[in-house]
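Enquirer: Can you keep this structure in mind? I'll have questions shortly.
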Amino acid sequence: QILGPASGDGRGVCNVTLAPELPGSPALVEELVRCGVRVSMGHSLAGADEARAATRAGAAGVTHLYNAMRPAHHRSPGVIEAALTRDDIAIGLIADGVHVHPASVDVALRCKPPDRVILVSDIVSAAGAEGRTTLDGRDVEVRGGAAWLSESGTLSGASAFLLEGVCNLVAWFDLPLPRAFQTASANPARLLGIARRKGSLEVGKDADVIVLDRDLRLKATVVEGAVAYKA
């Protein structure tokens, strides 16, 4: 039994990431959507046809586009090409400058409607640290805004906070502030089905606010009307 938001009890899964090439994926997507769960494609080697089958079944997004999926290729398209060529598919993007090159972020921004781009951090518990530490019992080295497995050098997560990604969009592409912040607020709230309470400053919504200075440095955080952080 899948307990999703549609069950009406306020609990349950609201978003699932799955690899559309796995057996039974279209049927699972249909069942998840029926239960009110939003489905994203990710951690996948799926080809474009398999990705399209998942979208026909109801998959509506892609988890951290470019990362943990088949690379873009002109003779062997996959999830990336399927997502960038459909306006109705939302994409998550890690804009830390490590997980995705700014040029590839630019491609995604040019391909997708503004309301279908969601900035994500892929942040891990080592966020904000520098040097060697552990992550899920494995040794990692945190440097340059990302965590790398010490044993293999594999990229294993981000340590840059979401605000840094917003600032990167502004710095890299001179993106207008409202559009940059839309990717981290209104867009995810709308696509998760919580826009009635979250994602924008309107009467009746939760008073979730960040206060920045002119250089976009965080000065305060307000959560549901209460100050949670002050610089």
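In the structure tokens, chains take letters A, B, ... by order of appearance, with residues numbered from 1 within each chain and ligands from 1 in the order shown.
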Which residues in segment 12-89 of chain A does DSSP call helix (DSSP H, G or I)? List them as a ChimeraX atom specification.

Expert: /A:25-34,48-57,79-84

Enquirer: Between atom CA of Ala57 of chain A and atom CA of Asp106 of chain A, what is the distance, to one decimal in Å?

Expert: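 Taking atom CA of Ala57 of chain A and atom CA of Asp106 of chain A, their separation equals 28.8 Å.
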
Enquirer: Using only C-alpha atoms for the distances, tell me which of A:Pro26, A:Gly137, A:Gly193, A:Gly165 is nearest to Ser125 of chain A.

Expert: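 For Ser125 of chain A, the nearest of the candidates is A:Gly137.
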
Enquirer: For atom CA of Val98 of chain A and atom CA of Ala146 of chain A, determine how far apart the two atoms are, in Å to one decimal place.

Expert: 7.0 Å

Enquirer: Leaving out segment 203-216 of chain A and any residue of its chain fewer than 2 positions from it, which residues lie within 12 Å of it when counting only C-alpha atoms, given as a PyMOL selection string?

Expert: chain A and resi 163-168+170-171+177+180-181+184-186+189+194-201+218-231

Enquirer: Rank nothing, just name the residue among A:Pro77, A:Pro71, A:Gly92, A:Gly36 nearest to Val13 of chain A, using only C-alpha atoms.

Expert: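 Looking only at the distances to Val13 of chain A, the closest residue turns out to be A:Gly36.
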
Enquirer: Which residue, A:Val37, A:Ile118, A:Met69, A:Val79, has the smallest gap to Ile91 of chain A when you use only C-alpha atoms?

Expert: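 Comparing A:Val37, A:Ile118, A:Met69, A:Val79 against Ile91 of chain A, the winner is A:Ile118.
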
Enquirer: Contacts of Asp122 of chain A at 10 Å or less, counting only C-alpha atoms, minus same-chain residues fewer than 2 places along, as a list in words?

Expert: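 The residues that qualify are Thr63, His64, Gly92, Leu93, Ile94, Ala95, Asp96, His99, Leu119, Val120, Val124, Ala146, Ser156, Gly157, Ala158, Ser159, Ala160, Phe161 and Leu162 of chain A.
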
Enquirer: Give the answer as one residue: which of A:Ala27, A:Val140, A:Leu22, A:Val33 has the shortest atom-to-atom distance to Glu50 of chain A, using only C-alpha atoms?

Expert: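 Checking each candidate against Glu50 of chain A, we get A:Leu22 as the closest.
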
Enquirer: Please provide the set of residues having any atom within 8 Å of Glu141 of chain A, restricted to only C-alpha atoms, with same-chain residues fewer than 5 positions apart removed, written as a ChimeraX atom specification.

Expert: /A:130-133,147-150

Enquirer: Between A:Pro23, A:Pro114, A:Gly153, A:Gly97, which has the minimum distance to Pro178 of chain A (counting only C-alpha atoms)?

Expert: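 For Pro178 of chain A, the nearest of the given residues is A:Pro114.
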